[in-house]
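Q: What follows is the file protein-v4.cif, containing mmCIF, C-alpha atoms:
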```cif
data_entry
loop_
_atom_site.label_atom_id
_atom_site.label_comp_id
_atom_site.auth_asym_id
_atom_site.auth_seq_id
_atom_site.Cartn_x
_atom_site.Cartn_y
_atom_site.Cartn_z
CA MET I 1 68.13 69.86 106.34
CA CYS I 2 68.04 70.16 110.13
CA ASP I 3 67.45 72.74 112.87
CA ALA I 4 70.51 75.03 112.84
CA ARG I 5 70.03 75.86 116.53
CA ASN I 6 70.03 72.21 117.61
CA GLU I 7 73.64 71.28 118.33
CA ALA I 8 72.94 67.54 118.52
CA ALA I 9 71.12 67.53 115.16
CA VAL I 10 73.82 69.58 113.40
CA ALA I 11 76.64 67.46 114.87
CA ARG I 12 74.84 64.27 113.79
CA LEU I 13 74.41 65.57 110.23
CA ARG I 14 78.06 66.64 110.14
CA LYS I 15 79.19 63.17 111.21
CA ARG I 16 76.91 61.35 108.78
CA LYS I 17 78.08 63.50 105.84
CA ASP I 18 81.72 63.08 106.90
CA ARG I 19 82.05 66.83 106.55
CA GLY I 20 84.94 67.42 108.93
CA ASP I 21 84.94 71.06 110.06
CA LYS I 22 83.62 72.61 106.82
CA PRO I 23 80.84 75.10 107.61
CA PHE I 24 77.19 74.56 106.72
CA ALA I 25 74.99 77.09 104.93
CA VAL I 26 71.86 78.19 106.76
CA MET I 27 68.47 79.03 105.24
CA VAL I 28 66.16 81.56 106.88
CA ALA I 29 62.71 82.85 105.93
CA ASP I 30 63.51 86.46 105.07
CA ALA I 31 66.09 89.25 104.92
CA VAL I 32 65.12 90.57 108.35
CA THR I 33 66.06 87.28 109.99
CA ALA I 34 69.22 87.09 107.89
CA ALA I 35 70.30 90.56 109.06
CA ARG I 36 70.04 89.43 112.67
CA LEU I 37 72.33 86.45 112.14
CA ALA I 38 74.90 88.12 109.85
CA ARG I 39 76.31 91.62 109.35
CA LEU I 40 74.96 92.54 105.93
CA ASP I 41 74.85 95.98 104.32
CA ALA I 42 72.09 97.13 101.97
CA ASP I 43 73.90 95.90 98.85
CA GLN I 44 74.51 92.47 100.37
CA LEU I 45 70.87 92.18 101.42
CA ARG I 46 69.87 92.97 97.82
CA THR I 47 72.23 90.25 96.58
CA LEU I 48 70.68 87.81 99.04
CA GLN I 49 67.18 88.62 97.74
CA THR I 50 67.89 88.41 93.99
CA ALA I 51 66.14 85.72 91.95
CA ALA I 52 69.36 83.67 92.00
CA ARG I 53 69.10 83.37 95.81
CA PRO I 54 72.86 82.82 96.39
CA ILE I 55 74.55 81.95 99.66
CA VAL I 56 76.13 85.10 101.12
CA ILE I 57 78.97 84.48 103.58
CA ALA I 58 79.29 87.33 106.09
CA PRO I 59 80.53 87.97 109.66
CA PHE I 60 78.32 86.90 112.56
CA GLY I 61 75.64 89.43 113.49
CA GLN I 62 75.01 90.68 117.02
CA GLU I 63 72.08 88.27 117.45
CA TYR I 64 73.86 85.21 116.05
CA ASP I 65 72.65 82.21 118.09
CA LEU I 66 73.19 79.14 115.92
CA ALA I 67 74.70 75.86 117.06
CA PRO I 68 78.53 75.84 117.30
CA ALA I 69 78.65 72.90 114.86
CA VAL I 70 77.24 75.09 112.05
CA ALA I 71 80.52 76.97 111.52
CA PRO I 72 83.09 75.50 113.93
CA GLY I 73 85.96 77.84 114.76
CA LEU I 74 84.77 80.55 112.37
CA GLY I 75 83.36 84.05 112.67
CA ASP I 76 81.37 83.99 109.44
CA VAL I 77 78.14 82.28 108.41
CA GLY I 78 76.70 81.44 105.00
CA ILE I 79 73.09 82.64 104.73
CA LEU I 80 70.54 82.02 101.98
CA LEU I 81 66.81 82.59 101.47
CA PRO I 82 64.18 80.09 100.23
CA TYR I 83 64.21 79.51 96.48
CA ALA I 84 61.69 76.67 96.10
CA PRO I 85 58.04 76.30 97.20
CA LEU I 86 58.98 73.54 99.65
CA HIS I 87 61.43 75.90 101.39
CA LEU I 88 58.68 78.50 101.79
CA GLU I 89 56.41 75.89 103.35
CA LEU I 90 59.09 74.73 105.78
CA LEU I 91 59.81 78.29 106.93
CA SER I 92 56.24 79.53 107.33
CA GLY I 93 53.78 79.83 110.19
CA GLU I 94 55.16 78.76 113.56
CA CYS I 95 58.50 77.87 111.89
CA ALA I 96 59.02 81.32 110.34
CA GLN I 97 61.76 82.22 112.85
CA MET I 98 63.67 78.98 112.42
CA ALA I 99 67.08 78.66 110.80
CA LEU I 100 67.68 75.47 108.84
CA VAL I 101 70.98 73.91 107.82
CA ALA I 102 70.63 73.57 104.03
CA THR I 103 73.37 71.31 102.73
CA SER I 104 73.63 69.64 99.34
CA GLY I 105 72.31 66.12 98.75
CA ASN I 106 75.55 64.28 98.08
CA LEU I 107 78.22 62.16 99.70
CA ALA I 108 81.52 63.81 100.66
CA GLY I 109 83.60 64.51 97.55
CA GLU I 110 80.85 63.41 95.14
CA PRO I 111 78.46 65.35 92.89
CA LEU I 112 74.80 66.04 93.67
CA CYS I 113 72.24 63.24 93.71
CA PHE I 114 69.53 64.53 91.37
CA THR I 115 67.25 61.55 90.76
CA ASN I 116 64.95 60.03 93.36
CA GLN I 117 66.50 56.59 92.90
CA ASP I 118 70.05 57.90 93.21
CA ALA I 119 69.20 59.83 96.38
CA ALA I 120 67.44 56.83 97.94
CA GLU I 121 70.41 54.56 97.25
CA ARG I 122 73.31 56.88 98.11
CA LEU I 123 71.89 59.02 100.91
CA ALA I 124 70.02 56.41 102.94
CA GLY I 125 72.78 56.37 105.54
CA ILE I 126 72.70 60.16 106.01
CA VAL I 127 69.07 61.25 106.27
CA ASP I 128 66.16 60.19 108.49
CA ALA I 129 63.51 60.95 105.85
CA PHE I 130 63.14 61.79 102.14
CA VAL I 131 60.73 64.18 100.43
CA PHE I 132 60.53 63.19 96.76
CA HIS I 133 59.07 65.13 93.82
CA ASP I 134 57.29 63.83 90.72
CA ARG I 135 59.20 66.20 88.42
CA ASP I 136 62.69 65.13 87.33
CA ILE I 137 65.76 67.36 87.58
CA HIS I 138 67.50 67.65 84.22
CA LEU I 139 70.32 70.05 85.14
CA PRO I 140 71.64 69.61 88.72
CA MET I 141 73.16 72.82 90.05
CA GLU I 142 74.98 73.71 93.27
CA ASP I 143 74.23 76.95 95.15
CA SER I 144 76.05 80.10 94.07
CA VAL I 145 78.20 81.72 96.76
CA PHE I 146 79.21 85.32 97.50
CA LEU I 147 81.77 86.51 100.07
CA ALA I 148 80.87 89.68 101.97
CA ASN I 149 82.47 91.98 104.52
CA ALA I 150 82.24 95.66 105.38
CA GLN I 151 84.04 96.68 102.18
CA VAL I 152 83.08 94.33 99.34
CA THR I 153 80.74 91.66 98.05
CA ILE I 154 82.41 89.31 95.57
CA PRO I 155 81.31 86.07 93.87
CA SER I 156 83.13 82.97 95.05
CA ARG I 157 81.14 80.29 93.21
CA ARG I 158 79.06 81.02 90.11
CA SER I 159 76.42 78.32 89.84
CA ARG I 160 72.63 78.18 90.41
CA GLY I 161 70.95 81.32 89.11
CA TYR I 162 74.05 82.45 87.19
CA ALA I 163 75.39 79.47 85.23
CA PRO I 164 75.33 78.67 82.39
CA LEU I 165 74.30 82.25 81.55
CA PRO I 166 77.11 83.56 79.30
CA VAL I 167 79.78 86.14 79.98
CA ALA I 168 80.55 88.62 77.20
CA LEU I 169 84.03 88.43 75.66
CA SER I 170 85.86 91.61 74.68
CA GLN I 171 87.34 89.74 71.72
CA PRO I 172 85.35 87.01 69.93
CA ALA I 173 86.65 83.45 69.93
CA THR I 174 88.02 82.60 66.48
CA VAL I 175 86.73 79.01 66.80
CA PRO I 176 84.58 77.22 69.40
CA ILE I 177 86.87 76.38 72.34
CA LEU I 178 86.22 74.04 75.27
CA ALA I 179 88.36 74.64 78.39
CA VAL I 180 87.95 71.71 80.80
CA GLY I 181 89.02 73.43 84.05
CA GLY I 182 91.04 72.22 87.01
CA GLU I 183 90.99 69.08 89.13
CA LEU I 184 89.55 70.64 92.29
CA LYS I 185 86.32 72.67 92.50
CA ASN I 186 85.95 72.11 88.80
CA THR I 187 84.01 74.21 86.33
CA PHE I 188 84.48 74.18 82.57
CA CYS I 189 83.89 76.79 79.88
CA LEU I 190 82.68 76.83 76.28
CA ALA I 191 83.67 79.93 74.31
CA HIS I 192 82.15 80.63 70.92
CA GLY I 193 81.50 83.86 69.12
CA SER I 194 81.40 86.74 71.61
CA TRP I 195 80.32 84.64 74.58
CA ALA I 196 81.86 82.39 77.22
CA HIS I 197 79.47 79.86 78.77
CA ILE I 198 80.82 78.83 82.18
CA SER I 199 79.37 75.69 83.71
CA GLY I 200 77.96 75.37 87.19
CA HIS I 201 80.14 74.04 89.99
CA ILE I 202 81.05 70.39 89.32
CA GLY I 203 83.33 69.77 92.31
CA ASP I 204 86.48 67.72 92.84
CA MET I 205 87.25 65.26 90.04
CA GLY I 206 88.76 62.45 92.11
CA THR I 207 85.78 60.07 91.92
CA LEU I 208 84.11 58.18 89.11
CA ALA I 209 80.78 59.81 89.99
CA SER I 210 82.32 63.29 89.59
CA GLN I 211 83.87 62.37 86.26
CA GLU I 212 80.55 61.02 85.01
CA ALA I 213 78.84 64.23 86.15
CA PHE I 214 81.48 66.26 84.30
CA ASP I 215 81.01 64.28 81.09
CA ARG I 216 77.23 64.61 81.35
CA ALA I 217 77.42 68.38 81.96
CA VAL I 218 79.76 68.92 78.99
CA THR I 219 77.45 66.96 76.70
CA GLN I 220 74.42 68.94 77.91
CA LEU I 221 76.08 72.31 77.35
CA LEU I 222 77.41 71.43 73.89
CA ASN I 223 73.99 70.15 72.82
CA PHE I 224 72.21 73.15 74.33
CA GLN I 225 74.50 75.56 72.44
CA ARG I 226 74.57 73.35 69.31
CA GLN I 227 78.33 73.68 69.21
CA ARG I 228 81.20 71.30 68.50
CA PRO I 229 84.59 72.54 69.76
CA GLU I 230 87.48 72.88 67.35
CA LYS I 231 89.99 73.23 70.18
CA VAL I 232 90.22 71.77 73.70
CA VAL I 233 92.28 73.43 76.46
CA CYS I 234 93.47 71.67 79.62
CA ASP I 235 96.08 71.79 82.39
CA LEU I 236 99.67 70.54 82.14
CA HIS I 237 99.42 68.00 84.99
CA PRO I 238 99.76 64.47 83.53
CA ASN I 239 97.69 62.87 86.31
CA TYR I 240 94.64 65.15 86.23
CA SER I 241 91.36 63.44 85.34
CA THR I 242 90.40 66.51 83.32
CA VAL I 243 93.62 66.22 81.28
CA SER I 244 92.92 62.56 80.51
CA TRP I 245 89.36 63.47 79.51
CA ALA I 246 90.60 66.30 77.25
CA GLU I 247 93.14 64.00 75.58
CA ARG I 248 90.46 61.38 74.87
CA PHE I 249 87.98 63.99 73.64
CA ALA I 250 90.50 65.65 71.33
CA ALA I 251 91.63 62.31 69.91
CA SER I 252 88.09 61.00 69.35
CA HIS I 253 86.97 64.22 67.63
CA ASP I 254 90.28 64.83 65.79
CA ILE I 255 90.65 68.37 67.12
CA GLU I 256 93.51 70.45 68.52
CA LEU I 257 94.55 70.02 72.17
CA THR I 258 96.32 72.91 73.97
CA GLN I 259 97.80 72.64 77.46
CA VAL I 260 98.22 75.73 79.68
CA GLN I 261 100.19 76.03 82.92
CA HIS I 262 97.92 76.23 85.99
CA HIS I 263 98.90 79.70 87.23
CA VAL I 264 99.08 81.15 83.73
CA ALA I 265 95.47 80.00 83.25
CA HIS I 266 94.54 82.01 86.35
CA ALA I 267 96.34 85.02 84.87
CA TYR I 268 94.50 84.67 81.56
CA SER I 269 91.15 84.45 83.34
CA LEU I 270 91.86 87.72 85.17
CA LEU I 271 92.88 89.45 81.94
CA ALA I 272 89.68 88.21 80.28
CA GLU I 273 87.54 89.27 83.25
CA HIS I 274 88.86 92.81 83.01
CA SER I 275 88.86 92.87 79.18
CA CYS I 276 92.59 93.56 79.22
CA LEU I 277 94.21 93.05 75.82
CA ASP I 278 97.21 95.29 76.54
CA PRO I 279 100.56 94.08 77.94
CA ALA I 280 100.17 93.36 81.66
CA VAL I 281 101.82 91.73 84.66
CA VAL I 282 99.61 89.41 86.73
CA VAL I 283 100.49 87.97 90.16
CA SER I 284 98.97 84.53 90.78
CA VAL I 285 98.97 83.80 94.53
CA ASP I 286 97.55 80.30 94.46
CA GLY I 287 98.13 76.69 95.48
CA THR I 288 100.33 74.23 93.64
CA GLY I 289 100.23 73.69 89.90
CA TYR I 290 102.27 71.55 87.52
CA GLY I 291 105.10 73.72 86.22
CA THR I 292 106.57 74.12 82.78
CA ASP I 293 109.76 72.42 84.04
CA GLY I 294 107.94 69.34 85.39
CA THR I 295 108.07 70.50 89.02
CA LEU I 296 105.29 71.85 91.21
CA PHE I 297 104.89 75.62 91.03
CA GLY I 298 103.28 77.34 93.99
CA ALA I 299 104.62 75.03 96.68
CA GLY I 300 105.70 76.72 99.91
CA LYS I 301 103.43 79.71 99.25
CA SER I 302 105.51 80.91 96.35
CA TRP I 303 104.19 83.63 94.06
CA ILE I 304 103.86 83.20 90.32
CA PHE I 305 104.33 86.27 88.12
CA ALA I 306 103.01 86.12 84.56
CA GLU I 307 103.90 88.87 82.09
CA HIS I 308 101.56 89.06 79.10
CA SER I 309 102.74 90.97 76.05
CA GLY I 310 100.23 90.21 73.34
CA SER I 311 101.45 87.08 71.61
CA ALA I 312 103.77 85.79 74.36
CA VAL I 313 103.71 84.99 78.07
CA ARG I 314 106.68 84.57 80.36
CA THR I 315 106.51 83.41 83.96
CA CYS I 316 108.63 83.82 87.06
CA ARG I 317 108.41 81.88 90.33
CA LEU I 318 109.48 83.41 93.64
CA SER I 319 109.35 81.93 97.12
CA ALA I 320 107.65 83.86 99.93
CA TRP I 321 111.03 85.05 101.20
CA SER I 322 112.23 86.04 97.74
CA VAL I 323 109.28 88.39 97.36
CA ALA I 324 111.02 90.65 99.87
CA THR I 325 113.79 91.23 97.34
CA ALA I 326 111.56 91.27 94.27
CA ARG I 327 112.16 94.98 93.66
CA CYS I 328 115.73 94.07 92.77
CA ALA I 329 115.03 90.64 91.29
CA ILE I 330 112.36 91.42 88.69
CA PRO I 331 112.51 93.97 85.88
CA GLY I 332 110.20 96.82 86.81
CA GLY I 333 109.58 95.34 90.27
CA SER I 334 109.90 98.68 92.04
CA HIS I 335 106.67 99.77 90.35
CA TRP I 336 104.60 96.81 91.57
CA GLY I 337 104.13 97.94 95.17
CA LEU I 338 105.98 94.90 96.52
CA PRO I 339 107.31 94.82 100.11
CA THR I 340 110.68 96.49 100.52
CA ILE I 341 113.59 95.06 102.47
CA GLY I 342 113.33 97.94 104.93
CA ALA I 343 109.98 96.62 106.15
CA TRP I 344 111.60 93.43 107.54
CA THR I 345 113.53 92.78 110.75
CA GLY I 346 117.25 92.18 110.62
CA LEU I 347 116.83 88.38 110.78
CA GLN I 348 114.14 88.46 108.09
CA ARG I 349 116.30 90.62 105.82
CA LYS I 350 119.23 88.23 106.24
CA SER I 351 117.07 85.18 105.48
CA ALA I 352 115.37 86.87 102.56
CA LEU I 353 118.61 87.99 100.97
CA LYS I 354 120.12 84.53 101.42
CA SER I 355 117.02 82.96 99.87
CA GLY I 356 117.00 85.46 97.02
CA ARG I 357 120.64 84.67 96.20
CA SER I 358 120.08 80.90 96.15
CA GLN I 359 119.82 79.26 92.73
CA ALA I 360 116.45 77.68 93.62
CA ASN I 361 114.82 81.03 94.22
CA ARG I 362 116.27 83.12 91.44
CA PRO I 363 113.66 84.37 89.01
CA ASN I 364 113.49 81.99 86.07
CA TRP I 365 111.77 83.73 83.18
CA ASN I 366 110.50 81.25 80.58
CA TRP I 367 109.25 82.28 77.17
#
```
Could I get this file's structure written as structure tokens?
A:
Amino acid sequence: MCDARNEAAVARLRKRKDRGDKPFAVMVADAVTAARLARLDADQLRTLQTAARPIVIAPFGQEYDLAPAVAPGLGDVGILLPYAPLHLELLSGECAQMALVATSGNLAGEPLCFTNQDAAERLAGIVDAFVFHDRDIHLPMEDSVFLANAQVTIPSRRSRGYAPLPVALSQPATVPILAVGGELKNTFCLAHGSWAHISGHIGDMGTLASQEAFDRAVTQLLNFQRQRPEKVVCDLHPNYSTVSWAERFAASHDIELTQVQHHVAHAYSLLAEHSCLDPAVVVSVDGTGYGTDGTLFGAGKSWIFAEHSGSAVRTCRLSAWSVATARCAIPGGSHWGLPTIGAWTGLQRKSALKSGRSQANRPNWNW
């Protein structure tokens, strides 16, 4: 933590954490102070004050006066309220009007330090002082995050205060299933009976520390739920750490392993979120994912269309330019509200039509 109005202190913390230009979250004493720093409506203020105490990211308020290094180049700030007795002490009395940068205790790209010894060893080069507790942390958990603007408030990261509380399934799982998640910003999920238990935020899986944290979190959740999966689900990418873990886990427990294409997994999650069991078309506008043909899907801002029809899924990949001609290229495309060729300039229409005719950008439906 440091004074969020002290540019030198914030810049020093940013450098020590090797945080680049990623914004910091800021903790304030109460909702009144929060409403001065960020534009929050009544619903967003209620979200901020719930027992979960999430970070709410919202546009700068009229009285925003924090150091430029808090959110460099941005017009939004992440605000949260105290959720531990120590926080209340720090933001009381003469410090009640302060704003404190509240960033997680970890090295860049690594999971949280949650033991006193681990923090002392790994964070000594970052902080000027430690405050230790005599009670151990058994389940480390990142902050939950909500995105807010004048129209909506939506969850961006479901973690402290929400995970691993279960999500109801519209159709019960036939067997206990463990889905190990992606390689970046990882979370995993255990589905059994009528519930899906989604883990807290693990983070990027590129380090040994992250992989050990993942393995520890999976073991904790399985033991807590007294479940042993009969099926493991993972990505298609052969170089993902999560895929390697799933292959080892399935082999050691002699259970079924199922691999799902990255963007199709996104589509399934949306269908599950909205309890949609009927045939549907889902557009996955996402980053890259290992494709069913061994190439990267999603590169060059392409759009992935997944059509779900009960027992089967077929996918189609279109480049950004090809989307302009999607009304002609995809069955039923005229009903999807996609951009029409008439909305483009002459040069854009010519480029889009040329791109749409090329073999590389023709819709390739795969059953």
Q: Mind pulling up the distance from CA of Arg19 (chain I) to CA of Gly78 (chain I)?
A: 15.6 Å
Q: List the neighbours of region 161-163 of chain I out to 10 Å using all atoms listed in the file; skip same-chain residues closer than 3 positions along the sequence, and give me the result as a PyMOL selection string.
A: chain I and resi 50-54+141-144+157-158+166-167+197-201
Q: For the residues in that selection, give me C-alpha atoms as a compact mmCIF listing (two decimals), keeping the file's coordinate frame.
A:
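Once everything was written out, this is again.txt:
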```txt
# COMPACT_ATOMS: atom_id res chain seq x y z
CA THR I 50 67.89 88.41 93.99
CA ALA I 51 66.14 85.72 91.95
CA ALA I 52 69.36 83.67 92.00
CA ARG I 53 69.10 83.37 95.81
CA PRO I 54 72.86 82.82 96.39
CA MET I 141 73.16 72.82 90.05
CA GLU I 142 74.98 73.71 93.27
CA ASP I 143 74.23 76.95 95.15
CA SER I 144 76.05 80.10 94.07
CA ARG I 157 81.14 80.29 93.21
CA ARG I 158 79.06 81.02 90.11
CA PRO I 166 77.11 83.56 79.30
CA VAL I 167 79.78 86.14 79.98
CA HIS I 197 79.47 79.86 78.77
CA ILE I 198 80.82 78.83 82.18
CA SER I 199 79.37 75.69 83.71
CA GLY I 200 77.96 75.37 87.19
CA HIS I 201 80.14 74.04 89.99
```
Q: Name the closest residue to Gly125 (chain I) among the candidates I:Gly105, I:Pro82, I:Leu112, I:Ile137; distances are taken between atoms, counting all atoms listed in the file.
A: I:Gly105
Q: Taking 2 positions as the minimum chain separation for residues in the same chain, which residues sit within 8 Å of Thr258 (chain I) when counting all atoms listed in the file? Answer as a list in words.
A: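 Contacts, in chain order: Lys231, Val232, Val233, Cys234, Glu256 and Val260 of chain I.
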Q: Evaluating the PyMOL selection byres ((chain I and resi 249) around 12) on the displayed file yields which residues, as a PDB file with C-alpha atoms, in the coordinates of the input?
A:
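Final output, result_31.pdb:
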```
ATOM      1  CA  LEU I 178      86.220  74.040  75.270  1.00  0.00           C
ATOM      2  CA  ALA I 179      88.360  74.640  78.390  1.00  0.00           C
ATOM      3  CA  VAL I 180      87.950  71.710  80.800  1.00  0.00           C
ATOM      4  CA  ASP I 215      81.010  64.280  81.090  1.00  0.00           C
ATOM      5  CA  VAL I 218      79.760  68.920  78.990  1.00  0.00           C
ATOM      6  CA  THR I 219      77.450  66.960  76.700  1.00  0.00           C
ATOM      7  CA  ARG I 228      81.200  71.300  68.500  1.00  0.00           C
ATOM      8  CA  PRO I 229      84.590  72.540  69.760  1.00  0.00           C
ATOM      9  CA  GLU I 230      87.480  72.880  67.350  1.00  0.00           C
ATOM     10  CA  LYS I 231      89.990  73.230  70.180  1.00  0.00           C
ATOM     11  CA  VAL I 232      90.220  71.770  73.700  1.00  0.00           C
ATOM     12  CA  VAL I 233      92.280  73.430  76.460  1.00  0.00           C
ATOM     13  CA  CYS I 234      93.470  71.670  79.620  1.00  0.00           C
ATOM     14  CA  THR I 242      90.400  66.510  83.320  1.00  0.00           C
ATOM     15  CA  VAL I 243      93.620  66.220  81.280  1.00  0.00           C
ATOM     16  CA  SER I 244      92.920  62.560  80.510  1.00  0.00           C
ATOM     17  CA  TRP I 245      89.360  63.470  79.510  1.00  0.00           C
ATOM     18  CA  ALA I 246      90.600  66.300  77.250  1.00  0.00           C
ATOM     19  CA  GLU I 247      93.140  64.000  75.580  1.00  0.00           C
ATOM     20  CA  ARG I 248      90.460  61.380  74.870  1.00  0.00           C
ATOM     21  CA  ALA I 250      90.500  65.650  71.330  1.00  0.00           C
ATOM     22  CA  ALA I 251      91.630  62.310  69.910  1.00  0.00           C
ATOM     23  CA  SER I 252      88.090  61.000  69.350  1.00  0.00           C
ATOM     24  CA  HIS I 253      86.970  64.220  67.630  1.00  0.00           C
ATOM     25  CA  ASP I 254      90.280  64.830  65.790  1.00  0.00           C
ATOM     26  CA  ILE I 255      90.650  68.370  67.120  1.00  0.00           C
ATOM     27  CA  GLU I 256      93.510  70.450  68.520  1.00  0.00           C
ATOM     28  CA  LEU I 257      94.550  70.020  72.170  1.00  0.00           C
TER      29      LEU I 257
END
```
Q: Can region 70-83 of chain I be brought up to N, CA, C and O atoms and written out as a PDB file, in the coordinates of the input?
A:
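part.pdb was written with the following content:
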```pdb
ATOM      1  N   VAL I  70      77.559  74.525 113.369  1.00  0.00           N
ATOM      2  CA  VAL I  70      77.240  75.090 112.050  1.00  0.00           C
ATOM      3  C   VAL I  70      78.495  75.607 111.362  1.00  0.00           C
ATOM      4  O   VAL I  70      78.737  75.330 110.179  1.00  0.00           O
ATOM      5  N   ALA I  71      79.297  76.382 112.085  1.00  0.00           N
ATOM      6  CA  ALA I  71      80.520  76.970 111.520  1.00  0.00           C
ATOM      7  C   ALA I  71      81.629  76.889 112.565  1.00  0.00           C
ATOM      8  O   ALA I  71      82.030  77.902 113.133  1.00  0.00           O
ATOM      9  N   PRO I  72      82.138  75.690 112.833  1.00  0.00           N
ATOM     10  CA  PRO I  72      83.090  75.500 113.930  1.00  0.00           C
ATOM     11  C   PRO I  72      84.375  76.300 113.747  1.00  0.00           C
ATOM     12  O   PRO I  72      85.019  76.241 112.701  1.00  0.00           O
ATOM     13  N   GLY I  73      84.717  77.089 114.773  1.00  0.00           N
ATOM     14  CA  GLY I  73      85.960  77.840 114.760  1.00  0.00           C
ATOM     15  C   GLY I  73      85.970  79.058 113.864  1.00  0.00           C
ATOM     16  O   GLY I  73      87.021  79.677 113.683  1.00  0.00           O
ATOM     17  N   LEU I  74      84.822  79.433 113.309  1.00  0.00           N
ATOM     18  CA  LEU I  74      84.770  80.550 112.370  1.00  0.00           C
ATOM     19  C   LEU I  74      83.990  81.723 112.948  1.00  0.00           C
ATOM     20  O   LEU I  74      83.276  81.582 113.939  1.00  0.00           O
ATOM     21  N   GLY I  75      84.116  82.874 112.291  1.00  0.00           N
ATOM     22  CA  GLY I  75      83.360  84.050 112.670  1.00  0.00           C
ATOM     23  C   GLY I  75      82.441  84.520 111.572  1.00  0.00           C
ATOM     24  O   GLY I  75      81.923  85.638 111.613  1.00  0.00           O
ATOM     25  N   ASP I  76      82.238  83.661 110.566  1.00  0.00           N
ATOM     26  CA  ASP I  76      81.370  83.990 109.440  1.00  0.00           C
ATOM     27  C   ASP I  76      80.327  82.895 109.268  1.00  0.00           C
ATOM     28  O   ASP I  76      80.560  81.731 109.611  1.00  0.00           O
ATOM     29  N   VAL I  77      79.199  83.254 108.676  1.00  0.00           N
ATOM     30  CA  VAL I  77      78.140  82.280 108.410  1.00  0.00           C
ATOM     31  C   VAL I  77      77.623  82.485 107.003  1.00  0.00           C
ATOM     32  O   VAL I  77      77.531  83.609 106.505  1.00  0.00           O
ATOM     33  N   GLY I  78      77.308  81.382 106.330  1.00  0.00           N
ATOM     34  CA  GLY I  78      76.700  81.440 105.000  1.00  0.00           C
ATOM     35  C   GLY I  78      75.188  81.425 105.118  1.00  0.00           C
ATOM     36  O   GLY I  78      74.607  80.484 105.677  1.00  0.00           O
ATOM     37  N   ILE I  79      74.540  82.467 104.614  1.00  0.00           N
ATOM     38  CA  ILE I  79      73.090  82.640 104.730  1.00  0.00           C
ATOM     39  C   ILE I  79      72.458  82.596 103.337  1.00  0.00           C
ATOM     40  O   ILE I  79      73.004  83.164 102.383  1.00  0.00           O
ATOM     41  N   LEU I  80      71.311  81.943 103.218  1.00  0.00           N
ATOM     42  CA  LEU I  80      70.540  82.020 101.980  1.00  0.00           C
ATOM     43  C   LEU I  80      69.054  82.038 102.306  1.00  0.00           C
ATOM     44  O   LEU I  80      68.639  81.649 103.413  1.00  0.00           O
ATOM     45  N   LEU I  81      68.253  82.499 101.327  1.00  0.00           N
ATOM     46  CA  LEU I  81      66.810  82.590 101.470  1.00  0.00           C
ATOM     47  C   LEU I  81      66.137  81.474 100.665  1.00  0.00           C
ATOM     48  O   LEU I  81      66.743  80.898  99.755  1.00  0.00           O
ATOM     49  N   PRO I  82      64.891  81.145 100.967  1.00  0.00           N
ATOM     50  CA  PRO I  82      64.180  80.090 100.230  1.00  0.00           C
ATOM     51  C   PRO I  82      64.129  80.375  98.736  1.00  0.00           C
ATOM     52  O   PRO I  82      63.920  81.516  98.316  1.00  0.00           O
ATOM     53  N   TYR I  83      64.292  79.332  97.934  1.00  0.00           N
ATOM     54  CA  TYR I  83      64.210  79.510  96.480  1.00  0.00           C
ATOM     55  C   TYR I  83      63.302  78.457  95.827  1.00  0.00           C
ATOM     56  O   TYR I  83      63.233  78.368  94.602  1.00  0.00           O
TER      57      TYR I  83
END
```
